[in-house]
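Raw start-v2.tsv, TSV, C-alpha atoms and all ligand atoms:
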```tsv
chain	number	residue	atom	x	y	z
A	1	VAL	CA	106.84	30.72	-82.17
A	2	GLU	CA	104.70	29.07	-84.84
A	3	LEU	CA	103.94	26.22	-82.47
A	4	VAL	CA	102.83	28.62	-79.72
A	5	ALA	CA	100.71	30.59	-82.21
A	6	ALA	CA	99.02	27.38	-83.39
A	7	GLN	CA	98.38	26.36	-79.77
A	8	VAL	CA	96.86	29.78	-78.94
A	9	SER	CA	94.63	29.73	-82.01
A	10	HIS	CA	93.50	26.19	-81.17
A	11	GLU	CA	92.61	27.23	-77.62
A	12	SER	CA	90.83	30.39	-78.65
A	13	ARG	CA	88.80	28.34	-81.15
A	14	ILE	CA	87.76	26.01	-78.31
A	15	VAL	CA	86.77	29.00	-76.13
A	16	LEU	CA	84.82	30.48	-79.05
A	17	GLU	CA	83.04	27.19	-79.73
A	18	ALA	CA	82.14	26.80	-76.05
A	19	ALA	CA	80.71	30.34	-75.98
A	20	THR	CA	78.69	29.70	-79.16
A	21	GLU	CA	77.39	26.45	-77.71
A	22	ARG	CA	76.43	28.20	-74.46
A	23	ARG	CA	74.59	30.96	-76.38
A	24	ARG	CA	72.79	28.34	-78.49
A	25	ARG	CA	71.72	26.47	-75.33
A	26	GLU	CA	70.53	29.68	-73.68
A	27	ALA	CA	68.54	30.61	-76.79
A	28	LEU	CA	66.93	27.16	-76.82
A	29	GLU	CA	66.07	27.41	-73.13
A	30	GLU	CA	64.51	30.84	-73.72
A	31	LEU	CA	62.49	29.45	-76.61
A	32	ASP	CA	61.36	26.52	-74.51
A	33	LYS	CA	60.27	28.85	-71.71
A	34	ALA	CA	58.37	31.00	-74.21
A	35	LYS	CA	56.64	27.91	-75.61
A	36	THR	CA	55.60	26.77	-72.13
A	37	ILE	CA	54.21	30.21	-71.26
A	38	PHE	CA	52.39	30.36	-74.59
A	39	PHE	CA	50.77	26.95	-74.05
A	40	SER	CA	49.85	27.77	-70.52
A	41	ASN	CA	48.27	31.13	-71.44
A	42	ILE	CA	46.37	29.85	-74.41
A	43	SER	CA	45.02	26.87	-72.49
A	44	HIS	CA	43.80	29.19	-69.75
A	45	GLU	CA	42.13	31.41	-72.32
A	46	PHE	CA	40.33	28.41	-73.80
A	47	ARG	CA	39.16	27.04	-70.48
A	48	THR	CA	36.96	29.95	-69.41
A	49	PRO	CA	34.67	30.13	-72.46
A	50	LEU	CA	34.54	26.35	-72.57
A	51	THR	CA	33.32	26.17	-68.99
A	52	LEU	CA	30.73	28.79	-69.88
A	53	ILE	CA	29.55	26.61	-72.78
A	54	LEU	CA	29.40	23.50	-70.61
A	55	SER	CA	27.40	24.91	-67.68
A	56	PRO	CA	24.21	25.83	-69.62
A	57	LEU	CA	24.45	22.57	-71.59
A	58	GLU	CA	24.59	20.63	-68.34
A	59	ALA	CA	21.62	22.62	-67.01
A	60	LEU	CA	19.68	21.73	-70.18
A	61	LEU	CA	20.59	18.06	-69.83
A	62	ARG	CA	19.49	18.05	-66.18
A	63	ASP	CA	16.22	19.81	-67.02
A	64	THR	CA	13.34	17.48	-66.25
A	65	LYS	CA	11.05	18.99	-68.91
A	66	PRO	CA	11.17	16.63	-71.90
A	67	LEU	CA	12.73	18.15	-75.00
A	68	PRO	CA	12.01	17.06	-78.58
A	69	PRO	CA	14.32	14.05	-79.23
A	70	GLU	CA	16.21	15.76	-82.06
A	71	ILE	CA	17.08	18.76	-79.87
A	72	SER	CA	18.01	16.59	-76.91
A	73	HIS	CA	20.28	14.54	-79.19
A	74	GLN	CA	21.99	17.68	-80.47
A	75	ILE	CA	22.50	19.02	-76.95
A	76	ALA	CA	24.03	15.70	-75.88
A	77	THR	CA	26.41	15.72	-78.86
A	78	THR	CA	27.46	19.31	-78.19
A	79	HIS	CA	27.99	18.47	-74.53
A	80	ARG	CA	30.09	15.42	-75.39
A	81	ASN	CA	32.31	17.39	-77.74
A	82	ALA	CA	32.67	20.31	-75.36
A	83	LEU	CA	33.82	17.82	-72.69
A	84	ARG	CA	36.34	16.37	-75.14
A	85	LEU	CA	37.70	19.80	-75.86
A	86	LEU	CA	37.91	20.58	-72.14
A	87	ARG	CA	39.86	17.39	-71.53
A	88	LEU	CA	42.28	18.31	-74.29
A	89	VAL	CA	42.75	21.85	-73.02
A	90	ASN	CA	43.21	20.66	-69.43
A	91	ASN	CA	45.76	18.10	-70.53
A	92	LEU	CA	47.70	20.68	-72.56
A	93	LEU	CA	47.70	22.95	-69.54
A	94	ASP	CA	48.98	20.21	-67.22
A	95	PHE	CA	51.42	19.14	-69.87
A	96	SER	CA	53.02	22.58	-70.11
A	97	GLN	CA	53.11	22.97	-66.33
A	98	ILE	CA	54.71	19.58	-65.82
A	99	GLU	CA	57.20	20.31	-68.60
A	100	SER	CA	58.20	23.50	-66.83
A	101	GLY	CA	58.88	21.40	-63.71
A	102	LYS	CA	56.83	23.85	-61.66
A	103	GLN	CA	53.89	21.57	-61.03
A	104	LYS	CA	53.43	20.77	-57.34
A	105	ALA	CA	50.47	19.12	-55.68
A	106	ASN	CA	48.66	21.83	-53.76
A	107	VAL	CA	46.94	19.50	-51.31
A	108	GLU	CA	44.03	20.43	-49.07
A	109	PRO	CA	41.64	18.43	-46.88
A	110	THR	CA	38.95	17.12	-49.19
A	111	ASP	CA	35.74	15.18	-48.81
A	112	LEU	CA	36.72	12.98	-51.72
A	113	VAL	CA	33.51	10.97	-51.68
A	114	THR	CA	31.29	13.98	-52.40
A	115	PHE	CA	33.84	15.49	-54.77
A	116	THR	CA	34.23	12.27	-56.79
A	117	ARG	CA	30.47	11.64	-56.82
A	118	ASN	CA	29.92	15.09	-58.36
A	119	LEU	CA	32.67	14.56	-60.94
A	120	ALA	CA	31.30	11.17	-61.97
A	121	GLY	CA	27.81	12.70	-62.05
A	122	ASN	CA	28.90	14.93	-64.97
A	123	PHE	CA	29.15	11.78	-67.07
A	124	GLN	CA	25.81	10.24	-66.12
A	125	SER	CA	23.78	11.61	-69.04
A	126	LEU	CA	26.55	10.74	-71.54
A	127	PHE	CA	26.55	7.13	-70.37
A	128	GLU	CA	22.76	6.95	-70.39
A	129	LYS	CA	22.68	8.13	-73.99
A	130	ALA	CA	25.31	5.54	-74.96
A	131	ASP	CA	23.38	2.82	-73.13
A	132	VAL	CA	26.35	1.98	-70.92
A	133	LYS	CA	25.65	1.64	-67.21
A	134	LEU	CA	27.75	3.88	-64.94
A	135	LEU	CA	28.03	2.40	-61.45
A	136	VAL	CA	29.53	4.61	-58.76
A	137	GLU	CA	30.54	2.87	-55.52
A	138	LEU	CA	32.19	5.17	-53.01
A	139	ASP	CA	33.12	4.25	-49.46
A	140	GLN	CA	31.05	6.66	-47.37
A	141	LEU	CA	33.33	6.13	-44.38
A	142	LEU	CA	36.41	7.51	-46.09
A	143	PRO	CA	37.90	10.31	-43.97
A	144	GLU	CA	38.77	13.68	-45.47
A	145	VAL	CA	42.03	13.26	-47.36
A	146	MET	CA	44.77	15.55	-48.60
A	147	VAL	CA	44.65	15.91	-52.37
A	148	ASP	CA	45.15	18.60	-54.97
A	149	ARG	CA	41.52	18.99	-56.07
A	150	GLN	CA	42.31	20.23	-59.56
A	151	MET	CA	44.63	17.28	-60.13
A	152	TRP	CA	42.13	14.82	-58.67
A	153	GLU	CA	39.54	16.19	-61.09
A	154	ARG	CA	41.91	15.53	-64.03
A	155	ILE	CA	42.65	11.98	-62.86
A	156	VAL	CA	38.96	11.12	-62.48
A	157	PHE	CA	38.01	12.92	-65.67
A	158	ASN	CA	40.65	11.19	-67.81
A	159	LEU	CA	39.97	7.69	-66.51
A	160	ILE	CA	36.19	7.94	-66.77
A	161	SER	CA	36.28	9.52	-70.21
A	162	ASN	CA	38.60	6.76	-71.44
A	163	ALA	CA	36.26	4.13	-69.99
A	164	TYR	CA	33.39	5.88	-71.76
A	165	LYS	CA	35.27	6.08	-75.05
A	166	TYR	CA	36.52	2.50	-75.12
A	167	THR	CA	33.31	0.84	-73.84
A	168	LEU	CA	30.70	0.23	-76.45
A	169	GLN	CA	28.38	-1.83	-74.25
A	170	GLY	CA	28.01	-3.08	-70.73
A	171	ASN	CA	29.09	-1.09	-67.75
A	172	VAL	CA	31.71	1.11	-66.14
A	173	ARG	CA	32.30	0.82	-62.43
A	174	VAL	CA	33.89	3.67	-60.49
A	175	CYS	CA	35.06	2.75	-56.97
A	176	LEU	CA	36.75	4.70	-54.23
A	177	ASN	CA	37.79	3.11	-50.97
A	178	ARG	CA	40.54	2.59	-48.52
A	179	SER	CA	42.95	-0.31	-48.37
A	180	GLY	CA	45.22	-0.17	-45.32
A	181	ASP	CA	47.04	3.17	-45.48
A	182	ASN	CA	46.15	3.74	-49.12
A	183	LEU	CA	43.40	5.42	-50.99
A	184	VAL	CA	42.30	3.23	-53.91
A	185	PHE	CA	40.41	4.61	-56.86
A	186	THR	CA	39.38	2.19	-59.60
A	187	VAL	CA	37.70	2.69	-62.95
A	188	ALA	CA	36.80	-0.68	-64.46
A	189	ASP	CA	35.03	-1.12	-67.77
A	190	SER	CA	33.66	-3.89	-69.95
A	191	GLY	CA	35.17	-2.30	-73.05
A	192	VAL	CA	37.53	-3.26	-75.86
A	193	GLY	CA	40.44	-4.18	-73.55
A	194	ILE	CA	44.17	-3.80	-74.16
A	195	PRO	CA	46.63	-6.46	-75.39
A	196	ALA	CA	49.18	-7.45	-72.72
A	197	SER	CA	52.06	-6.46	-75.05
A	198	GLU	CA	50.82	-2.83	-75.08
A	199	ILE	CA	50.56	-2.38	-71.34
A	200	PRO	CA	54.22	-1.41	-70.66
A	201	LYS	CA	53.93	1.49	-73.14
A	202	LEU	CA	50.42	2.59	-72.22
A	203	PHE	CA	51.42	5.42	-69.88
A	204	ASP	CA	54.05	6.86	-72.25
A	205	ARG	CA	53.34	10.30	-73.59
A	206	PHE	CA	51.50	10.24	-76.96
A	207	TYR	CA	51.34	6.43	-76.99
A	208	ARG	CA	48.15	5.06	-78.53
A	209	VAL	CA	47.18	1.45	-79.11
A	210	GLN	CA	46.44	0.37	-82.68
A	211	GLN	CA	43.22	-1.63	-82.45
A	212	SER	CA	43.75	-5.06	-84.03
A	213	ASP	CA	40.33	-4.94	-85.73
A	214	GLY	CA	41.20	-1.63	-87.42
A	215	ARG	CA	38.62	0.28	-85.39
A	216	SER	CA	39.75	3.80	-84.60
A	217	PHE	CA	39.03	5.96	-81.56
A	218	GLU	CA	39.80	9.63	-81.44
A	219	GLY	CA	42.48	10.75	-79.03
A	220	THR	CA	45.93	12.18	-78.49
A	221	GLY	CA	47.71	9.71	-76.21
A	222	ILE	CA	48.22	12.38	-73.55
A	223	GLY	CA	45.53	11.36	-71.03
A	224	LEU	CA	47.15	8.37	-69.35
A	225	SER	CA	50.61	9.94	-69.21
A	226	MET	CA	48.98	12.89	-67.43
A	227	VAL	CA	47.21	10.58	-65.00
A	228	LYS	CA	50.52	8.89	-64.22
A	229	GLU	CA	52.29	12.21	-63.59
A	230	LEU	CA	49.46	13.64	-61.47
A	231	VAL	CA	49.26	10.47	-59.38
A	232	ALA	CA	53.06	10.51	-58.94
A	233	LEU	CA	52.82	14.10	-57.64
A	234	HIS	CA	50.66	12.56	-54.87
A	235	HIS	CA	53.34	9.88	-54.29
A	236	GLY	CA	51.00	7.27	-55.72
A	237	GLU	CA	50.92	4.77	-58.55
A	238	VAL	CA	48.58	3.79	-61.33
A	239	ALA	CA	48.26	0.27	-62.69
A	240	VAL	CA	46.08	-1.50	-65.21
A	241	GLU	CA	44.69	-4.97	-65.69
A	242	SER	CA	43.05	-5.77	-68.96
A	243	GLU	CA	41.83	-8.46	-71.28
A	244	VAL	CA	41.05	-7.91	-74.95
A	245	GLY	CA	37.32	-8.05	-75.59
A	246	LYS	CA	36.52	-8.24	-71.87
A	247	GLY	CA	37.55	-4.85	-70.48
A	248	SER	CA	40.10	-2.91	-68.48
A	249	SER	CA	40.53	-1.85	-64.91
A	250	PHE	CA	42.67	1.17	-64.01
A	251	ARG	CA	43.66	1.35	-60.38
A	252	VAL	CA	45.11	4.45	-58.71
A	253	THR	CA	46.75	3.95	-55.31
A	254	ILE	CA	47.71	6.98	-53.25
A	255	PRO	CA	49.16	6.87	-49.72
A	256	LEU	CA	46.43	8.16	-47.47
A	257	ARG	CA	47.41	11.36	-45.75
A	258	LYS	CA	44.44	12.12	-43.57
A	259	ALA	CA	43.42	15.71	-43.04
A	260	HIS	CA	44.48	15.94	-39.41
A	261	SER	CA	41.86	17.63	-37.27
A	262	SER	CA	44.55	19.95	-35.86
A	263	THR	CA	45.01	21.51	-39.31
A	264	LEU	CA	41.30	21.98	-39.84
A	265	PRO	CA	40.69	25.15	-37.81
A	266	VAL	CA	43.51	26.81	-39.74
A	267	GLU	CA	41.98	25.76	-43.05
A	268	LEU	CA	38.50	26.81	-41.96
A	269	SER	CA	39.54	30.21	-40.64
A	270	ASP	CA	41.02	30.87	-44.08
A	271	ILE	CA	37.57	30.72	-45.66
A	301	LIG	P1	43.91	8.60	-75.89
A	301	LIG	O1	42.70	7.94	-75.32
A	301	LIG	O2	43.72	10.06	-76.14
A	301	LIG	O3	44.46	7.88	-77.08
A	301	LIG	P2	45.32	8.00	-73.42
A	301	LIG	O4	46.69	8.39	-73.01
A	301	LIG	O5	44.20	8.39	-72.53
A	301	LIG	O6	45.12	8.59	-74.86
A	301	LIG	O7	45.32	6.43	-73.61
A	301	LIG	C1	46.39	5.80	-74.30
A	301	LIG	C2	45.88	4.54	-74.98
A	301	LIG	O8	45.49	3.58	-74.00
A	301	LIG	C3	44.65	4.76	-75.83
A	301	LIG	O9	44.99	5.10	-77.15
A	301	LIG	C4	43.94	3.41	-75.77
A	301	LIG	O10	44.40	2.59	-76.78
A	301	LIG	C5	44.37	2.84	-74.44
A	301	LIG	N1	43.30	2.96	-73.42
A	301	LIG	C6	43.20	3.89	-72.45
A	301	LIG	N2	42.13	3.67	-71.68
A	301	LIG	C7	41.53	2.57	-72.17
A	301	LIG	C8	40.37	1.80	-71.80
A	301	LIG	N3	39.61	2.16	-70.76
A	301	LIG	N4	40.07	0.73	-72.55
A	301	LIG	C9	40.84	0.35	-73.60
A	301	LIG	N5	41.94	1.02	-74.00
A	301	LIG	C10	42.28	2.12	-73.29
```

Translate the structure of the given file into structure tokens.
Amino acid sequence: VELVAAQVSHESRIVLEAATERRRREALEELDKAKTIFFSNISHEFRTPLTLILSPLEALLRDTKPLPPEISHQIATTHRNALRLLRLVNNLLDFSQIESGKQKANVEPTDLVTFTRNLAGNFQSLFEKADVKLLVELDQLLPEVMVDRQMWERIVFNLISNAYKYTLQGNVRVCLNRSGDNLVFTVADSGVGIPASEIPKLFDRFYRVQQSDGRSFEGTGIGLSMVKELVALHHGEVAVESEVGKGSSFRVTIPLRKAHSSTLPVELSDI
């Protein structure tokens, strides 16, 4: 009898432990869901006022009337920092959506040449102020392609802002063209470069390179991991070639899914 009682108590303890473990796991999952929703909501809330700050600043920067140098300098600094904040907020937003596993590429036929030219154009005045040449070379003959525009914006934005940040002189070249059945987007800079030993870890979340000369650049280490995830959601890849002191070239390759003309009337009648 004692043996049976011991056996029963042992089994009921196992059942109890399993139930506790299950409850603990459920509580953690709930907490994780709440965290994701919180991040997502707060990032959305930040984005709207930030966009409203950026638009008038961009209008001021585009204004052809000359402003006193001190004011123009302050506007450029405010613009630069607002862009930084927008990048951070966008990355947090993507981060929480990817974490939740819900992120899917919502692709639509896009004139990527015009879209990319406009995105790169947002950086023109920043580059001019920093005395770095921004060269934009886009293949005009590229057909409309299927991309998630919001994601494409993040990819372009992250790569160009990195090139801007890590290039103290020279130029940044942004290219978009077609190679066989692939779309190829390259951002190449003449900046600080990256040691070969760092390249395998570069796209890891939160990974940042320690500059050998002790120089420090602000950042979070989220940007490139986001680029990698967003490109992967388009079934593509991102690669980098770099040489310390010479510069880096980030190359995004995405299989080209043309916007078939048969889908166009459907898309257009939606408008
Ligand atoms: P962050 O720039 O916020 O640190 P990223 O994920 O965008 O984060 O980049 C990760 C690291 O890769 C950076 O810390 C930097 O060391 C390196 N890196 C990214 N882009 C460049 C570039 N264009 N030139 C040199 N280093 C770069």

So how far away is atom CA of Asn158 of chain A from atom CA of Ser197 of chain A, in Å?
22.2 Å

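If all atoms listed in the file are the atoms counted, then among A:Thr78, A:Asn177, A:Ser249, A:Ser12 the closest residue to ligand LIG 301 (chain A) is A:Ser249.
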
For the interface of chain A with ligand LIG 301 (chain A) (cut-off 6 Å, counting all atoms listed in the file), please tabulate each contacting residue of chain A alongside its nearest pair of atoms and their separation in Å to one decimal, rows sorted by chain and increasing number, as CSV.
```
residue,atom,partner,partner_atom,distance
A:Asn162,CA,A:LIG301,N2,4.7
A:Ala163,CA,A:LIG301,N3,4.0
A:Tyr166,CA,A:LIG301,N4,4.7
A:Gly191,CA,A:LIG301,N4,5.8
A:Val192,CA,A:LIG301,C9,5.4
A:Gly193,CA,A:LIG301,C9,4.5
A:Ile194,CA,A:LIG301,N5,5.3
A:Leu202,CA,A:LIG301,O8,5.3
A:Tyr207,CA,A:LIG301,C1,5.7
A:Arg208,CA,A:LIG301,O9,3.4
A:Val209,CA,A:LIG301,O10,3.8
A:Gly219,CA,A:LIG301,O2,3.2
A:Thr220,CA,A:LIG301,O2,3.9
A:Gly221,CA,A:LIG301,O6,3.1
A:Ile222,CA,A:LIG301,O4,4.3
A:Gly223,CA,A:LIG301,O5,3.6
A:Leu224,CA,A:LIG301,O4,3.7
A:Ser225,CA,A:LIG301,O4,5.7
A:Ser248,CA,A:LIG301,N4,5.5
```

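Near Glu229 of chain A, within 10 Å and counting only C-alpha atoms, sit Asp94, Phe95, Ile98, Gln103, Met151, Ile155, Phe203, Leu224, His234, His235, Gly236, Glu237 and Val238 of chain A; same-chain residues fewer than 5 positions away were not included.
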
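Going from atom CA of Ala34 of chain A over to atom CA of Gln97 of chain A, you cover 12.4 Å.
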
Please, what distance in Å, to one decimal, runs between atom CA of Arg84 of chain A and atom CA of Leu54 of chain A?
10.9 Å

Counting all atoms listed in the file, which residue out of A:Ala6, A:Ala27, A:Ile199, A:Ala18 sits closest to Glu241 of chain A?
A:Ile199

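For the choices A:Leu134, A:Val145, A:Ala188, A:Leu93, the atom-to-atom distance to Lys35 of chain A is smallest for A:Leu93 when using only C-alpha atoms.
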
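Among the candidates A:Arg205, A:Ser125, A:Leu138, A:Ala5, the one nearest to Asp63 of chain A when counting all atoms listed in the file is A:Ser125.
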
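Between Val113 of chain A and the residues A:Glu128, A:Asp139, A:Glu29, A:Glu99, the shortest atom-to-atom distance, using all atoms listed in the file, involves A:Asp139.
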
Residue neighbourhood Ile254 of chain A, 12 Å, all atoms listed in the file, exclusion window fewer than 3 positions, as a count of residues only:
30
